[in-house]
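Novice: Could you have a look at this structure, given as structure tokens, before my questions?
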Amino acid sequence: MTSKTAVIHDNIPIIETANAAELDHLLADPAVGGAIVRRLAPTVALIDPAKIELLTARLLKLGHLPRVVAK
Amino acid sequence: MKSYTKPSFHLCFTKEHLESIATDVLLSISRLWGGKGNESRASCVRRVLNGLMDASAMRAAMTGHDAETRAALAVIKEHCGAIRAGTLEAIMLAYGYPITHTDSEYGYGHDASRYAAKLINRGFLLCETYDSMYHSYGRYSGVNKTDSVYTDERLLAYIDWPVKVQPLPLSPVTIESATTTLRRPQHVLLDLMAIIQALVDMKGLSLKMSGEVRLGDLRQFRKRLSWTEDQAFSGRKFPRIAEAFITTLERCGVLQSFGEVLTLSLAPEEFAQMPLPRQVSLLATGFIANERWNEKDDTFSYYMSPLLTARTIFFHSLRALPAGGQFYALDAFVEAVYHRLEDMLDFMSIHDHSRPSRYGLKEPEYQAALREWRRKNMPRLVSSATPVVEAILTGWPYWLGLIELGTLAEGSPALRLTELGEAIFADDGSASSWNAASIEPDSGRPAWVVQPNYDIVVYLEAISPAQLAFLEQHAERRQMETHTAHYRLTRESVYRGLEGGATFEDMLATLRDGGQADLPQNVDRELREWAEQRKRMTIRTSARLIAFPTPETRSLAMEAGLEGAPVGETYVLVKEGAQIKAALKSVFGLQAIPTIDYTQPPAKCLLIEEDGTLKLEKDTGDLLIRGQLARCAEPVDAAHWRITAASLKALRKAGGTPGMLLAFLRARAEHDVPAMLEIAIGNTLGARDVVQAETVFLLRVTDKKLYTAITTSPSLKPFLLDVPGPDTIAVSLARLEEFKAKLDWLGVKLAPFTPVENRPDWRQTVRDAKIGQRQRYRY
């Protein structure tokens, strides 16, 4: 669907990192990579909605402390 | 025990129920509401229902009753509005109310509850058992002791504790203090907070179809609390403790099921803010009526009903222990209760074959024989019941810190109420004062000391419930002793606390305030580092993104006041609560702006082939589909992907499971996922199907006589590998020529194999054979 207008994407799960290198590093991990479906920007990526909890658990296991914001 | 908070009952007298009651009873009930006893049934029903709607009428109806009636209604209130008639009678007897027992004078109907019938006739109760409604409550067929009676919750608003309880005639005993064990209030509070926190951390417990908690969640719950299946506290075993807590918390309304998940119905802070007596009373209302757990080590249902009855009666009987903080022998306590219960021993399923029969005896003779039997057998009954009562009391009442247990010189058990127990059971206002006196922190002393190795030594006498709740949320409990508890600050525990909504500065301030000192420098530094690390990565589970067709349109929208952060070249992450309409309208005019909500089921847009080809039939515009396809399949062209062994292997490496992939495909497929593909996915990502294979010589024999001859022949048996169908025989290739020679000797001609559509059905063949066998037996 090519759109000449804007599209609002509501309730979409994303991950933000402090810098691009951090996201690069995360994507190198197969389990994290499997939960992230698309990189929108150097520091922002979309998460598969079915894998938010898996991703959070994996990040904690890797030593990160992600802040989880519900809204 | 007036202080329970969350009655899980919504019982009320309904028009339908009142209309089904016998006329004489209905007339009697309406007297409570000013009825004269000569009105029509309809006006009686109307009078009762109108009375229940009128606060002043209810106040008038519920005031001025005798102590016995108030006690009975208070007991029913404690049981969330409903109770078995016999249990109510037994509790009233245990409290020392000499409620009359005239059942036996008729020689039959000894299961009827005259007492409950009396309360029904007075308008306070109704019987839940529908059949009883057709009978007059004044008659013996009206209410059985096993029937459940209930009241209208609006009436109970006017009933409260305390009630008068006649102390049991018991003599105190002397106990060596070294032999006594009790759970201190601080330990009870600490454990309760840990249980609530574990439930918060688990985000609820998944339920099976039967309504029971899934075994995996049960195991995890136990693990989080470091419990074994039958956890012991000071040597006192609490069987199947996890099940006990879950079912009790559900019974008292702290846990509620939403679909397939059991979750907390109140915030942990809300629970922490309740005074301990209130928390304990809340659990008590749950466990006395918990029919899904018993004190035995098994779930054998035979024990459930008698144990539940005994648990209820002996828990209430604790209220009849004499005041004064003395110990009493457990067997003396059981005997004193038994003497009060008299006829109700039968209701408690304490049957005995030696009990005199009514047959051939007049009532006075029967009563005399019964008294004599009791005199002779009471010691035996008491000694057999004492271990059961001990198991009941060492479970919940001991865990909740209501009783202290001890051992007499000869080794038999003794008990007394703790200060907390006395305060709760007395309930004359001392419960609230007890809380203030016994567990409020001594503000002059620090509640804990934070050590440089991240350990926190907690002084249980000096800590408040709110501080305990804070520690449970932000630190890991390691060890508990009589006067102290040890916690440790870890990355995970601090992270969990901050994720629970606390701000970092508040957390530091609470840690400092509790210790009445600054934190050790290294601890302060490390905590700040963890908090900083948490700021470096954010997962937004429900973000709002706007995708613009070009970078220019995005710039225009932001210039027009769109609040948010630009992402990539064409996206904006909208600030929470920001207004977007005006900015978008300024750029796109009156064009409709489509919205895709990712909490809704995704659009079905995939055509899935048996060979794993996935065709994106239509581009729905959602941002996920292409990325999701790329995670599980290899791209072929702009609209096609293919699931291959390599793509599935990569998916498995990334933690993908067959269930996850199939759920994605089913959600997106326009038609069913082909079975072959499902099997391929299941075998590659999960456990592989094993199929037996062998090269054989296959015979199809349509002639039944020949088929039977070959398959039952001893000389041909060594050649046969299997009989896969009622007309098919598999022959091993090892001695094929020899087998063919045998067939040649039989005169059988071999023809080429041709598949057929209609094969005989094995199951039908077996059924035919069984019918034939039965007919042979018959003739």
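Residues in the structure tokens are named by chain (A, B, ... in the order shown) and by number from 1 within that chain; ligands are numbered from 1 in the order shown.
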DSSP on the backbone: which residues in segment 601-737 of chain B end up as helix (DSSP H, G or I)? Give the answer as JSON, numbers by chain.
Specialist: {"B": [625, 626, 627, 628, 629, 630, 631, 632, 645, 646, 647, 648, 649, 650, 651, 652, 653, 658, 659, 660, 661, 662, 663, 664, 665, 666, 667, 668, 675, 676, 677, 678, 679, 680, 681, 682, 683, 684, 685, 704, 705, 706, 707, 708, 709, 710, 711, 712, 717, 718, 719, 736, 737]}
Novice: Those residues you just picked out, can you put them in a file as a compact mmCIF listing (two decimals), in the first residue's frame with N, CA and C atoms?
Specialist:
# COMPACT_ATOMS: atom_id res chain seq x y z
N ILE B 625 4.80 -6.78 8.85
CA ILE B 625 4.66 -8.01 8.09
C ILE B 625 5.93 -8.42 7.33
N ARG B 626 6.56 -7.46 6.67
CA ARG B 626 7.73 -7.82 5.87
C ARG B 626 8.90 -8.28 6.77
N GLY B 627 9.05 -7.60 7.88
CA GLY B 627 10.11 -7.99 8.82
C GLY B 627 9.83 -9.37 9.40
N GLN B 628 8.56 -9.62 9.71
CA GLN B 628 8.21 -10.93 10.28
C GLN B 628 8.45 -12.04 9.25
N LEU B 629 8.11 -11.75 7.98
CA LEU B 629 8.33 -12.76 6.94
C LEU B 629 9.83 -13.01 6.76
N ALA B 630 10.60 -11.96 6.80
CA ALA B 630 12.04 -12.11 6.62
C ALA B 630 12.67 -12.92 7.74
N ARG B 631 12.02 -12.97 8.92
CA ARG B 631 12.58 -13.73 10.05
C ARG B 631 12.36 -15.23 9.89
N CYS B 632 11.36 -15.62 9.08
CA CYS B 632 11.06 -17.05 9.01
C CYS B 632 11.22 -17.64 7.61
N ALA B 645 14.38 -25.22 4.75
CA ALA B 645 15.05 -25.84 5.91
C ALA B 645 16.04 -24.86 6.53
N ALA B 646 16.73 -24.09 5.65
CA ALA B 646 17.73 -23.13 6.17
C ALA B 646 17.06 -22.00 6.94
N SER B 647 15.92 -21.50 6.42
CA SER B 647 15.26 -20.39 7.12
C SER B 647 14.71 -20.85 8.47
N LEU B 648 14.23 -22.09 8.50
CA LEU B 648 13.71 -22.61 9.78
C LEU B 648 14.84 -22.85 10.77
N LYS B 649 16.00 -23.27 10.24
CA LYS B 649 17.16 -23.49 11.11
C LYS B 649 17.58 -22.16 11.75
N ALA B 650 17.57 -21.10 10.93
CA ALA B 650 17.94 -19.77 11.45
C ALA B 650 16.92 -19.31 12.49
N LEU B 651 15.66 -19.61 12.22
CA LEU B 651 14.60 -19.22 13.15
C LEU B 651 14.76 -19.96 14.49
N ARG B 652 15.11 -21.25 14.38
CA ARG B 652 15.30 -22.03 15.61
C ARG B 652 16.46 -21.46 16.43
N LYS B 653 17.51 -21.05 15.72
CA LYS B 653 18.68 -20.47 16.40
C LYS B 653 18.29 -19.18 17.15
N PRO B 658 7.83 -23.93 16.94
CA PRO B 658 6.76 -24.21 15.97
C PRO B 658 5.48 -23.45 16.31
N GLY B 659 5.17 -23.39 17.60
CA GLY B 659 3.94 -22.72 18.03
C GLY B 659 3.93 -21.26 17.63
N MET B 660 5.07 -20.58 17.83
CA MET B 660 5.14 -19.14 17.51
C MET B 660 4.99 -18.92 16.00
N LEU B 661 5.70 -19.74 15.21
CA LEU B 661 5.64 -19.54 13.76
C LEU B 661 4.24 -19.87 13.23
N LEU B 662 3.66 -20.97 13.71
CA LEU B 662 2.33 -21.34 13.22
C LEU B 662 1.29 -20.30 13.66
N ALA B 663 1.45 -19.76 14.85
CA ALA B 663 0.51 -18.72 15.30
C ALA B 663 0.60 -17.51 14.37
N PHE B 664 1.82 -17.14 13.98
CA PHE B 664 1.99 -16.01 13.06
C PHE B 664 1.34 -16.31 11.71
N LEU B 665 1.62 -17.51 11.19
CA LEU B 665 1.08 -17.85 9.86
C LEU B 665 -0.45 -17.92 9.89
N ARG B 666 -0.99 -18.52 10.94
CA ARG B 666 -2.46 -18.64 11.03
C ARG B 666 -3.10 -17.27 11.14
N ALA B 667 -2.45 -16.38 11.87
CA ALA B 667 -3.02 -15.04 12.04
C ALA B 667 -3.02 -14.27 10.72
N ARG B 668 -2.07 -14.56 9.86
CA ARG B 668 -1.93 -13.81 8.61
C ARG B 668 -2.50 -14.52 7.39
N ALA B 675 -1.42 -28.69 5.79
CA ALA B 675 -0.97 -29.65 6.81
C ALA B 675 0.47 -30.07 6.60
N MET B 676 0.88 -30.23 5.33
CA MET B 676 2.26 -30.66 5.05
C MET B 676 3.25 -29.63 5.58
N LEU B 677 2.91 -28.36 5.41
CA LEU B 677 3.81 -27.30 5.88
C LEU B 677 3.85 -27.28 7.41
N GLU B 678 2.68 -27.49 8.02
CA GLU B 678 2.64 -27.55 9.50
C GLU B 678 3.56 -28.63 10.01
N ILE B 679 3.52 -29.80 9.32
CA ILE B 679 4.35 -30.92 9.77
C ILE B 679 5.83 -30.58 9.55
N ALA B 680 6.13 -29.97 8.41
CA ALA B 680 7.53 -29.62 8.14
C ALA B 680 8.04 -28.64 9.20
N ILE B 681 7.21 -27.66 9.55
CA ILE B 681 7.62 -26.68 10.57
C ILE B 681 7.80 -27.36 11.93
N GLY B 682 6.82 -28.21 12.26
CA GLY B 682 6.88 -28.90 13.55
C GLY B 682 8.11 -29.78 13.64
N ASN B 683 8.43 -30.49 12.55
CA ASN B 683 9.58 -31.41 12.58
C ASN B 683 10.91 -30.68 12.58
N THR B 684 10.96 -29.53 11.94
CA THR B 684 12.24 -28.82 11.87
C THR B 684 12.50 -28.02 13.15
N LEU B 685 11.45 -27.39 13.67
CA LEU B 685 11.65 -26.54 14.86
C LEU B 685 11.44 -27.29 16.17
N LYS B 704 -10.95 -64.27 1.47
CA LYS B 704 -10.82 -64.33 2.93
C LYS B 704 -10.26 -65.67 3.40
N LYS B 705 -10.66 -66.73 2.71
CA LYS B 705 -10.23 -68.06 3.12
C LYS B 705 -8.72 -68.21 2.92
N LEU B 706 -8.24 -67.71 1.76
CA LEU B 706 -6.82 -67.79 1.48
C LEU B 706 -6.04 -66.88 2.45
N TYR B 707 -6.61 -65.69 2.69
CA TYR B 707 -5.97 -64.73 3.61
C TYR B 707 -5.79 -65.35 5.00
N THR B 708 -6.87 -66.00 5.48
CA THR B 708 -6.81 -66.63 6.81
C THR B 708 -5.81 -67.79 6.81
N ALA B 709 -5.81 -68.55 5.72
CA ALA B 709 -4.90 -69.70 5.65
C ALA B 709 -3.45 -69.25 5.74
N ILE B 710 -3.11 -68.18 4.99
CA ILE B 710 -1.72 -67.72 4.98
C ILE B 710 -1.33 -67.13 6.34
N THR B 711 -2.22 -66.27 6.88
CA THR B 711 -1.84 -65.55 8.11
C THR B 711 -1.86 -66.45 9.35
N THR B 712 -2.55 -67.58 9.29
CA THR B 712 -2.58 -68.45 10.49
C THR B 712 -1.70 -69.69 10.33
N LYS B 717 4.45 -68.60 8.92
CA LYS B 717 4.65 -67.53 9.90
C LYS B 717 6.06 -66.91 9.84
N PRO B 718 7.12 -67.73 9.70
CA PRO B 718 8.47 -67.13 9.68
C PRO B 718 8.72 -66.18 8.50
N PHE B 719 7.90 -66.28 7.46
CA PHE B 719 8.12 -65.42 6.28
C PHE B 719 7.40 -64.07 6.42
N LEU B 736 12.37 -64.49 0.44
CA LEU B 736 11.25 -64.28 -0.49
C LEU B 736 11.08 -65.46 -1.46
N GLU B 737 12.20 -65.97 -1.99
CA GLU B 737 12.10 -67.04 -2.99
C GLU B 737 11.48 -68.28 -2.37
Novice: Quick one: which chain B residues come within 7 Å of chain A, and what is the nearest atom pair for each with the distance in Å to one decimal, counting only C-alpha atoms, rows ordered by chain and ascending number, as JSON lines?
Specialist:
{"residue": "B:Tyr495", "atom": "CA", "partner": "A:Leu65", "partner_atom": "CA", "distance": 6.8}
{"residue": "B:Glu499", "atom": "CA", "partner": "A:Arg67", "partner_atom": "CA", "distance": 6.9}
{"residue": "B:Gln533", "atom": "CA", "partner": "A:Leu65", "partner_atom": "CA", "distance": 6.2}
{"residue": "B:Arg534", "atom": "CA", "partner": "A:Leu65", "partner_atom": "CA", "distance": 4.8}
{"residue": "B:Lys535", "atom": "CA", "partner": "A:Arg67", "partner_atom": "CA", "distance": 6.7}
{"residue": "B:Arg536", "atom": "CA", "partner": "A:Ala18", "partner_atom": "CA", "distance": 4.9}
{"residue": "B:Met537", "atom": "CA", "partner": "A:Thr17", "partner_atom": "CA", "distance": 4.5}
{"residue": "B:Thr538", "atom": "CA", "partner": "A:Arg67", "partner_atom": "CA", "distance": 4.7}
{"residue": "B:Ile539", "atom": "CA", "partner": "A:Ile15", "partner_atom": "CA", "distance": 4.4}
{"residue": "B:Arg540", "atom": "CA", "partner": "A:Val69", "partner_atom": "CA", "distance": 4.8}
{"residue": "B:Thr541", "atom": "CA", "partner": "A:Pro13", "partner_atom": "CA", "distance": 4.2}
{"residue": "B:Ser542", "atom": "CA", "partner": "A:Asn11", "partner_atom": "CA", "distance": 3.7}
{"residue": "B:Ala543", "atom": "CA", "partner": "A:Asn11", "partner_atom": "CA", "distance": 5.0}
{"residue": "B:Arg544", "atom": "CA", "partner": "A:Asp10", "partner_atom": "CA", "distance": 4.6}
{"residue": "B:Leu545", "atom": "CA", "partner": "A:His9", "partner_atom": "CA", "distance": 5.0}
{"residue": "B:Ile546", "atom": "CA", "partner": "A:Ile8", "partner_atom": "CA", "distance": 4.5}
{"residue": "B:Ala547", "atom": "CA", "partner": "A:Val7", "partner_atom": "CA", "distance": 5.2}
{"residue": "B:Phe548", "atom": "CA", "partner": "A:Ala6", "partner_atom": "CA", "distance": 4.5}
{"residue": "B:Pro549", "atom": "CA", "partner": "A:Lys4", "partner_atom": "CA", "distance": 5.5}
{"residue": "B:Val567", "atom": "CA", "partner": "A:Ala41", "partner_atom": "CA", "distance": 5.8}
{"residue": "B:Gly568", "atom": "CA", "partner": "A:Ala41", "partner_atom": "CA", "distance": 4.3}
{"residue": "B:Phe588", "atom": "CA", "partner": "A:Thr5", "partner_atom": "CA", "distance": 6.6}
{"residue": "B:Ile593", "atom": "CA", "partner": "A:Val7", "partner_atom": "CA", "distance": 6.0}
{"residue": "B:Pro594", "atom": "CA", "partner": "A:Val7", "partner_atom": "CA", "distance": 5.2}
{"residue": "B:Thr595", "atom": "CA", "partner": "A:Ile8", "partner_atom": "CA", "distance": 4.6}
{"residue": "B:Ile596", "atom": "CA", "partner": "A:His9", "partner_atom": "CA", "distance": 5.0}
{"residue": "B:Asp597", "atom": "CA", "partner": "A:Asp10", "partner_atom": "CA", "distance": 4.7}
{"residue": "B:Tyr598", "atom": "CA", "partner": "A:Asn11", "partner_atom": "CA", "distance": 5.4}
{"residue": "B:Thr599", "atom": "CA", "partner": "A:Asn11", "partner_atom": "CA", "distance": 6.3}
{"residue": "B:Asp619", "atom": "CA", "partner": "A:Met1", "partner_atom": "CA", "distance": 5.0}
{"residue": "B:Thr620", "atom": "CA", "partner": "A:Met1", "partner_atom": "CA", "distance": 6.0}
{"residue": "B:Gly621", "atom": "CA", "partner": "A:Met1", "partner_atom": "CA", "distance": 5.3}
{"residue": "B:Leu624", "atom": "CA", "partner": "A:Val37", "partner_atom": "CA", "distance": 6.4}
{"residue": "B:Gly627", "atom": "CA", "partner": "A:Val37", "partner_atom": "CA", "distance": 4.4}
{"residue": "B:Gln628", "atom": "CA", "partner": "A:Val37", "partner_atom": "CA", "distance": 5.7}
{"residue": "B:Arg631", "atom": "CA", "partner": "A:Gly34", "partner_atom": "CA", "distance": 6.4}
{"residue": "B:Lys653", "atom": "CA", "partner": "A:Pro30", "partner_atom": "CA", "distance": 6.5}
{"residue": "B:Ala654", "atom": "CA", "partner": "A:Ala31", "partner_atom": "CA", "distance": 4.1}
{"residue": "B:Gly655", "atom": "CA", "partner": "A:Ala31", "partner_atom": "CA", "distance": 5.6}
